[in-house]
file coords_7.cif (mmCIF, C-alpha atoms)
data_run
#
loop_
_atom_site.label_atom_id
_atom_site.label_comp_id
_atom_site.auth_asym_id
_atom_site.auth_seq_id
_atom_site.Cartn_x
_atom_site.Cartn_y
_atom_site.Cartn_z
CA MET A 47 147.38 65.51 128.96
CA ALA A 48 149.44 68.42 127.66
CA ILE A 49 148.59 71.63 125.81
CA TRP A 50 151.30 72.90 123.49
CA ALA A 51 151.56 76.20 121.60
CA ILE A 52 153.66 76.03 118.43
CA GLY A 53 155.20 78.86 116.39
CA ASP A 54 154.78 79.60 112.69
CA LEU A 55 154.89 76.45 110.54
CA GLN A 56 154.88 78.22 107.15
CA GLY A 57 154.62 75.03 105.16
CA CYS A 58 157.45 73.23 106.98
CA TYR A 59 155.93 69.75 107.18
CA ASP A 60 159.07 67.79 108.06
CA PRO A 61 160.03 70.06 111.01
CA THR A 62 156.42 69.90 112.20
CA GLN A 63 156.56 66.11 112.28
CA ARG A 64 159.88 66.26 114.12
CA LEU A 65 158.42 68.59 116.73
CA LEU A 66 155.33 66.45 117.29
CA GLU A 67 157.63 63.49 117.88
CA ALA A 68 159.84 65.51 120.22
CA ILE A 69 156.89 66.56 122.42
CA ARG A 70 155.46 63.03 122.20
CA PHE A 71 152.16 64.38 120.98
CA ASP A 72 149.29 61.98 121.67
CA PRO A 73 146.09 62.99 119.83
CA ALA A 74 144.07 60.94 122.28
CA VAL A 75 144.82 63.30 125.16
CA ASP A 76 146.93 66.28 124.04
CA ARG A 77 145.98 69.56 122.38
CA LEU A 78 147.87 71.86 120.04
CA TRP A 79 147.66 75.63 119.63
CA PHE A 80 149.16 76.96 116.39
CA CYS A 81 150.12 80.65 116.27
CA GLY A 82 149.11 81.14 112.62
CA ASP A 83 150.89 81.17 109.26
CA LEU A 84 150.44 77.48 108.63
CA VAL A 85 151.35 77.97 104.96
CA ASN A 86 153.73 79.58 102.46
CA ARG A 87 157.48 79.58 101.80
CA GLY A 88 158.32 76.22 103.35
CA GLY A 89 157.68 74.13 100.23
CA GLN A 90 155.27 71.71 101.92
CA SER A 91 152.20 73.85 102.50
CA VAL A 92 149.56 71.41 101.34
CA GLU A 93 151.09 68.58 103.38
CA THR A 94 151.28 70.84 106.44
CA LEU A 95 147.71 72.04 106.05
CA ARG A 96 146.48 68.48 105.64
CA LEU A 97 148.31 67.41 108.77
CA VAL A 98 146.86 70.19 110.90
CA HIS A 99 143.40 69.61 109.41
CA SER A 100 143.62 65.90 110.19
CA LEU A 101 144.23 66.82 113.85
CA ARG A 102 141.48 69.46 113.90
CA ASP A 103 139.57 67.91 116.80
CA ASN A 104 142.66 68.50 118.95
CA VAL A 105 143.81 71.78 117.40
CA VAL A 106 143.10 75.48 117.57
CA SER A 107 144.94 77.65 115.06
CA VAL A 108 144.64 81.41 114.71
CA LEU A 109 144.83 83.09 111.33
CA GLY A 110 148.09 84.65 110.22
CA ASN A 111 148.74 87.04 107.37
CA HIS A 112 149.89 84.21 105.06
CA ASP A 113 146.76 82.18 105.85
CA LEU A 114 144.51 85.13 105.01
CA SER A 115 146.47 85.81 101.83
CA LEU A 116 145.93 82.22 100.72
CA LEU A 117 142.20 82.55 101.33
CA ALA A 118 142.09 85.78 99.33
CA ILE A 119 144.04 84.33 96.41
CA ALA A 120 141.67 81.34 96.34
CA GLU A 121 138.83 83.72 95.41
CA ARG A 122 140.62 85.09 92.34
CA ARG A 123 140.43 83.84 88.75
CA GLU A 124 142.20 80.56 88.04
CA GLU A 125 144.72 82.27 85.76
CA ASP A 126 145.67 84.59 88.63
CA GLN A 127 145.96 81.70 91.05
CA ARG A 128 148.46 80.04 88.70
CA LYS A 129 150.77 83.06 89.02
CA VAL A 130 151.53 82.56 92.71
CA ASN A 131 154.43 80.51 94.03
CA ALA A 132 154.46 76.73 93.66
CA ASP A 133 153.99 76.19 97.38
CA LEU A 134 150.63 77.97 97.43
CA ARG A 135 149.62 76.47 94.09
CA GLY A 136 149.99 73.09 95.75
CA VAL A 137 147.09 74.05 98.01
CA LEU A 138 145.03 75.98 95.45
CA PHE A 139 144.96 73.10 92.95
CA ALA A 140 144.78 70.21 95.39
CA HIS A 141 141.86 67.79 95.10
CA ASP A 142 140.84 68.62 98.67
CA ARG A 143 141.41 72.39 98.51
CA ASP A 144 137.83 73.31 99.35
CA VAL A 145 137.81 71.15 102.48
CA LEU A 146 141.12 72.63 103.63
CA LEU A 147 140.26 76.24 102.82
CA ASP A 148 136.78 76.07 104.34
CA TRP A 149 138.33 74.81 107.57
CA LEU A 150 141.02 77.50 107.47
CA ARG A 151 138.45 80.24 106.93
CA GLY A 152 136.69 79.10 110.11
CA CYS A 153 139.81 79.62 112.23
CA PRO A 154 139.75 82.58 114.67
CA LEU A 155 141.89 85.70 114.82
CA LEU A 156 142.08 85.37 118.58
CA HIS A 157 141.74 82.39 120.89
CA VAL A 158 141.06 82.96 124.60
CA ASP A 159 141.09 80.32 127.33
CA ARG A 160 140.45 81.96 130.69
CA ALA A 161 140.49 78.69 132.58
CA LEU A 162 143.99 78.03 131.29
CA GLY A 163 145.03 81.68 131.67
CA TRP A 164 146.22 82.18 128.07
CA MET A 165 145.23 83.88 124.85
CA MET A 166 146.74 83.34 121.41
CA LEU A 167 147.02 85.63 118.40
CA HIS A 168 149.34 85.77 115.41
CA ALA A 169 151.01 89.18 115.54
CA GLY A 170 149.91 91.84 118.04
CA LEU A 171 147.31 93.95 119.78
CA ALA A 172 146.55 97.67 119.71
CA PRO A 173 148.14 99.29 122.78
CA GLN A 174 144.77 100.37 124.17
CA TRP A 175 143.04 97.02 123.73
CA THR A 176 142.22 95.03 126.83
CA THR A 177 141.55 91.31 126.48
CA GLN A 178 137.83 92.05 126.32
CA LEU A 179 138.20 94.66 123.57
CA ALA A 180 140.44 92.33 121.59
CA GLU A 181 137.79 89.61 121.81
CA GLN A 182 135.09 91.97 120.58
CA HIS A 183 137.09 93.22 117.61
CA ALA A 184 138.29 89.76 116.60
CA ALA A 185 134.70 88.53 116.67
CA GLU A 186 133.64 91.31 114.28
CA VAL A 187 135.95 90.01 111.57
CA GLU A 188 135.42 86.32 112.37
CA ARG A 189 131.66 86.66 111.85
CA LYS A 190 132.23 88.11 108.39
CA LEU A 191 134.82 85.50 107.45
CA ARG A 192 132.40 82.74 108.37
CA GLY A 193 129.39 84.41 106.74
CA ASN A 194 128.21 84.99 103.20
CA GLY A 195 130.17 88.23 102.87
CA TYR A 196 133.61 86.72 103.30
CA ARG A 197 134.61 87.31 99.67
CA LYS A 198 134.09 91.05 100.03
CA LEU A 199 136.13 91.12 103.24
CA LEU A 200 139.02 89.19 101.68
CA LYS A 201 139.00 91.43 98.59
CA ASN A 202 139.15 94.62 100.66
CA MET A 203 141.57 93.56 103.41
CA TYR A 204 144.81 94.60 101.66
CA GLY A 205 146.44 97.92 102.49
CA ASP A 206 148.38 99.69 105.25
CA ARG A 207 145.75 102.32 106.00
CA PRO A 208 143.92 103.52 107.96
CA ALA A 209 145.44 103.31 111.42
CA TRP A 210 143.14 101.83 114.02
CA SER A 211 140.46 104.04 115.53
CA PRO A 212 137.29 102.89 117.29
CA ARG A 213 135.39 105.29 115.01
CA LEU A 214 136.26 103.35 111.85
CA THR A 215 133.48 101.57 109.96
CA GLY A 216 133.10 99.19 107.04
CA PRO A 217 136.10 97.79 105.14
CA ASP A 218 138.46 100.31 106.76
CA ARG A 219 137.58 98.96 110.19
CA ASP A 220 137.97 95.34 109.10
CA ARG A 221 141.34 96.08 107.49
CA ALA A 222 142.67 97.90 110.56
CA ILE A 223 141.64 95.05 112.85
CA ILE A 224 143.18 92.41 110.57
CA ASN A 225 146.42 94.38 110.29
CA LEU A 226 146.79 94.56 114.06
CA PHE A 227 146.13 90.89 114.66
CA THR A 228 148.20 89.57 111.73
CA ARG A 229 150.87 92.09 110.65
CA MET A 230 151.94 94.09 113.69
CA ARG A 231 155.49 94.29 115.07
CA TYR A 232 156.28 97.90 115.91
CA CYS A 233 153.92 100.77 116.49
CA ALA A 234 153.77 104.37 117.68
CA PRO A 235 152.28 105.12 121.13
CA ARG A 236 148.85 105.73 119.60
CA GLY A 237 148.95 102.41 117.79
CA ARG A 238 149.96 103.35 114.24
CA ILE A 239 151.71 100.29 112.82
CA ALA A 240 155.19 100.73 111.32
CA PHE A 241 154.81 98.14 108.58
CA GLU A 242 158.25 98.80 107.12
CA GLU A 243 160.04 97.89 110.37
CA LYS A 244 160.79 94.16 110.53
CA GLY A 245 164.12 93.86 112.30
CA ALA A 246 165.02 92.91 115.85
CA PRO A 247 164.34 95.40 118.67
CA GLY A 248 166.90 98.15 118.62
CA THR A 249 166.87 98.50 114.83
CA GLN A 250 163.61 100.48 114.65
CA GLN A 251 163.30 104.22 114.15
CA ALA A 252 163.00 106.52 117.15
CA GLY A 253 159.49 106.83 118.55
CA LEU A 254 158.51 103.26 117.67
CA TYR A 255 158.06 100.41 120.14
CA PRO A 256 157.51 96.67 119.97
CA TRP A 257 153.74 96.38 120.34
CA PHE A 258 154.09 94.76 123.77
CA GLU A 259 156.35 97.54 125.13
CA VAL A 260 154.32 100.64 124.23
CA PRO A 261 154.19 103.08 127.17
CA GLY A 262 150.72 103.34 128.70
CA ARG A 263 149.48 100.12 127.11
CA ALA A 264 146.37 98.48 128.53
CA GLU A 265 146.58 95.94 131.33
CA ARG A 266 145.76 92.42 130.15
CA ASP A 267 144.57 89.67 132.43
CA LEU A 268 145.90 86.72 130.43
CA LYS A 269 149.30 85.59 129.23
CA ILE A 270 149.81 85.95 125.48
CA VAL A 271 151.33 83.49 123.03
CA CYS A 272 152.03 84.66 119.49
CA GLY A 273 154.24 84.28 116.42
CA HIS A 274 154.87 86.32 113.23
CA TRP A 275 158.15 88.02 114.22
CA SER A 276 161.04 85.74 113.27
CA THR A 277 163.74 88.39 113.80
CA LEU A 278 162.53 88.79 117.38
CA GLY A 279 163.19 85.11 117.97
CA LEU A 280 162.07 83.35 121.11
CA PHE A 281 160.93 86.12 123.45
CA ILE A 282 159.42 85.70 126.89
CA GLY A 283 158.63 88.80 128.89
CA LEU A 284 155.96 91.35 129.78
CA GLY A 285 153.35 88.59 129.70
CA VAL A 286 154.18 87.78 126.06
CA HIS A 287 155.56 84.49 124.73
CA ALA A 288 156.65 84.91 121.09
CA LEU A 289 157.40 81.60 119.39
CA ASP A 290 158.32 82.36 115.77
CA THR A 291 161.93 81.21 115.72
CA GLY A 292 162.39 81.20 111.96
CA ALA A 293 161.83 77.56 111.09
CA VAL A 294 161.18 78.48 107.46
CA TRP A 295 164.49 80.39 107.30
CA GLY A 296 166.56 77.52 108.68
CA GLY A 297 166.06 78.44 112.33
CA LYS A 298 164.10 76.33 114.77
CA LEU A 299 160.50 75.30 115.28
CA THR A 300 159.40 75.96 118.85
CA ALA A 301 156.74 74.53 121.16
CA LEU A 302 155.77 75.88 124.59
CA GLN A 303 153.73 73.81 127.04
CA LEU A 304 150.92 76.02 128.28
CA ASP A 305 149.69 73.84 131.14
CA ALA A 306 153.08 73.10 132.72
CA GLU A 307 153.86 74.39 136.21
CA THR A 308 157.28 75.58 135.06
CA LEU A 309 158.48 76.95 131.75
CA ARG A 310 158.86 74.06 129.30
CA ILE A 311 160.11 74.74 125.78
CA VAL A 312 160.97 72.18 123.09
CA GLN A 313 162.73 73.07 119.84
CA VAL A 314 163.73 71.13 116.74
CA PRO A 315 165.71 72.18 113.65
CA GLY A 316 163.68 74.02 111.04
CA ARG A 317 163.77 73.69 107.29
CA ASP A 318 167.04 72.89 105.55
CA VAL A 319 167.97 76.09 103.74
CA PRO A 320 170.89 76.14 101.30
CA PRO A 321 173.59 78.66 102.12
CA PRO A 322 173.47 81.92 100.14
CA ALA A 323 175.47 82.01 96.94
CA LYS A 324 178.80 83.79 97.15
#

call {"tool": "encode", "arguments": {"input": "coords_7.cif", "output": "structure tokens"}}
result
Amino acid sequence: MAIWAIGDLQGCYDPTQRLLEAIRFDPAVDRLWFCGDLVNRGGQSVETLRLVHSLRDNVVSVLGNHDLSLLAIAERREEDQRKVNADLRGVLFAHDRDVLLDWLRGCPLLHVDRALGWMMLHAGLAPQWTTQLAEQHAAEVERKLRGNGYRKLLKNMYGDRPAWSPRLTGPDRDRAIINLFTRMRYCAPRGRIAFEEKGAPGTQQAGLYPWFEVPGRAERDLKIVCGHWSTLGLFIGLGVHALDTGAVWGGKLTALQLDAETLRIVQVPGRDVPPPAK
């Protein structure tokens, strides 16, 4: 038996198949953790989503920003759905879209396995959040996503404000929690997200920190595996294991074995991307 965490797929079906072959994935005994962003940009989103859904008894996948965006678009008028890119339209107008989207909507923002010693999220955590606080806040949003009010939540989730505060209520609170779990890279010491900063560490403005390096951040009792930040690349340090290695941009797709006694990483080539025009 092996438990593997895998970085952002983003609709890269062929690289996903290559990686499953490389790790010799056996659905009879192995389990897969996906770090979110199963869809968008890779050109094979519906195939990728079908593959992960077919393995659902052996899979846990957290929600990424692209996954939530797909769910929100699915609630719009058909004429608006037809305006999005062809990759997402492949999901939105598939014969099995409702099955796939209902399953996706049931995925968590945060997955915690204390027996294994790991937790998984897509992007980041507020500096002051312990593991327990993160679980509580993720559960707030997950209950709404899985309940009758999910359409209202998806409609109101867009926006960069407000910054997180435990005093927030209503849609503002939901939006702040979602932004932290699915969009965070850099933040100020108090946790304000710098949404405009997307480069590698060292390129950010003064006074901003990668979310896992903020001075005075809370102690966390579990190792973290995450994705979202392709310009960060494979990063292992400070209890964080970031696995988005840019498969959709022609980089690599990365898997990390979570139950191995020593660090075990497997990578395969990502999507074939044509060189930029001169």

call {"tool": "residues_around", "arguments": {"input": "coords_7.cif", "residues": "Glu265 (chain A)", "least_positions_apart": "6", "cutoff": "9 Å", "atoms": "all atoms listed in the file", "output": "NGL selection string"}}
result
:A and (174-177)

call {"tool": "resolve_selection", "arguments": {"input": "coords_7.cif", "expression": "the PyMOL selection byres ((chain A and resi 158) around 10)", "output": "MDAnalysis selection string"}}
result
chainID A and resid 156:157 159:167 177:178 180:181 268:270

call {"tool": "resolve_selection", "arguments": {"input": "coords_7.cif", "expression": "the PyMOL selection byres ((chain A and resi 241) around 8)", "output": "VMD selection string"}}
result
chain A and resid 206 229 to 232 239 to 240 242 to 244

call {"tool": "residues_near_point", "arguments": {"input": "coords_7.cif", "point": "(148.8, 79.8, 107.5)", "cutoff": "10 Å", "atoms": "all atoms listed in the file", "output": "list in words"}}
result
Asp54, Leu55, Gln56, Gly57, Phe80, Cys81, Gly82, Asp83, Leu84, Val85, Asn86, Ser91, Thr94, Leu95, Ser107, Val108, Leu109, Gly110, Asn111, His112, Asp113, Leu114, Ser115, Leu116, Leu117, Leu150 and His168 of chain A

call {"tool": "residues_near_point", "arguments": {"input": "coords_7.cif", "point": "(166.8, 95.6, 115.4)", "cutoff": "12 Å", "atoms": "all atoms listed in the file", "output": "PyMOL selection string"}}
result
chain A and resi 231-232+243-252+254-256+275-279

call {"tool": "atom_distance", "arguments": {"input": "coords_7.cif", "atom1": "CA of Val312 (chain A)", "atom2": "CA of Asp267 (chain A)"}}
result
25.7 Å

call {"tool": "resolve_selection", "arguments": {"input": "coords_7.cif", "expression": "the PyMOL selection byres ((chain A and resi 183) around 10)", "output": "number ranges by chain"}}
result
A: 155-156, 175, 178-182, 184-188, 212, 219-220, 223-224, 227

call {"tool": "closest_residue", "arguments": {"input": "coords_7.cif", "among": "A:Cys153, A:Cys233, A:Leu199, A:Met47", "to": "Arg221 (chain A)", "atoms": "only C-alpha atoms"}}
result
A:Leu199

call {"tool": "closest_residue", "arguments": {"input": "coords_7.cif", "among": "A:Leu101, A:Ala74, A:Ile52, A:Ala120", "to": "Asp148 (chain A)", "atoms": "only C-alpha atoms"}}
result
A:Ala120

call {"tool": "residues_around", "arguments": {"input": "coords_7.cif", "residues": "region 127-135 of chain A", "least_positions_apart": "2", "cutoff": "9 Å", "atoms": "all atoms listed in the file", "output": "PyMOL selection string"}}
result
chain A and resi 57+85-92+116+119-125+137-140
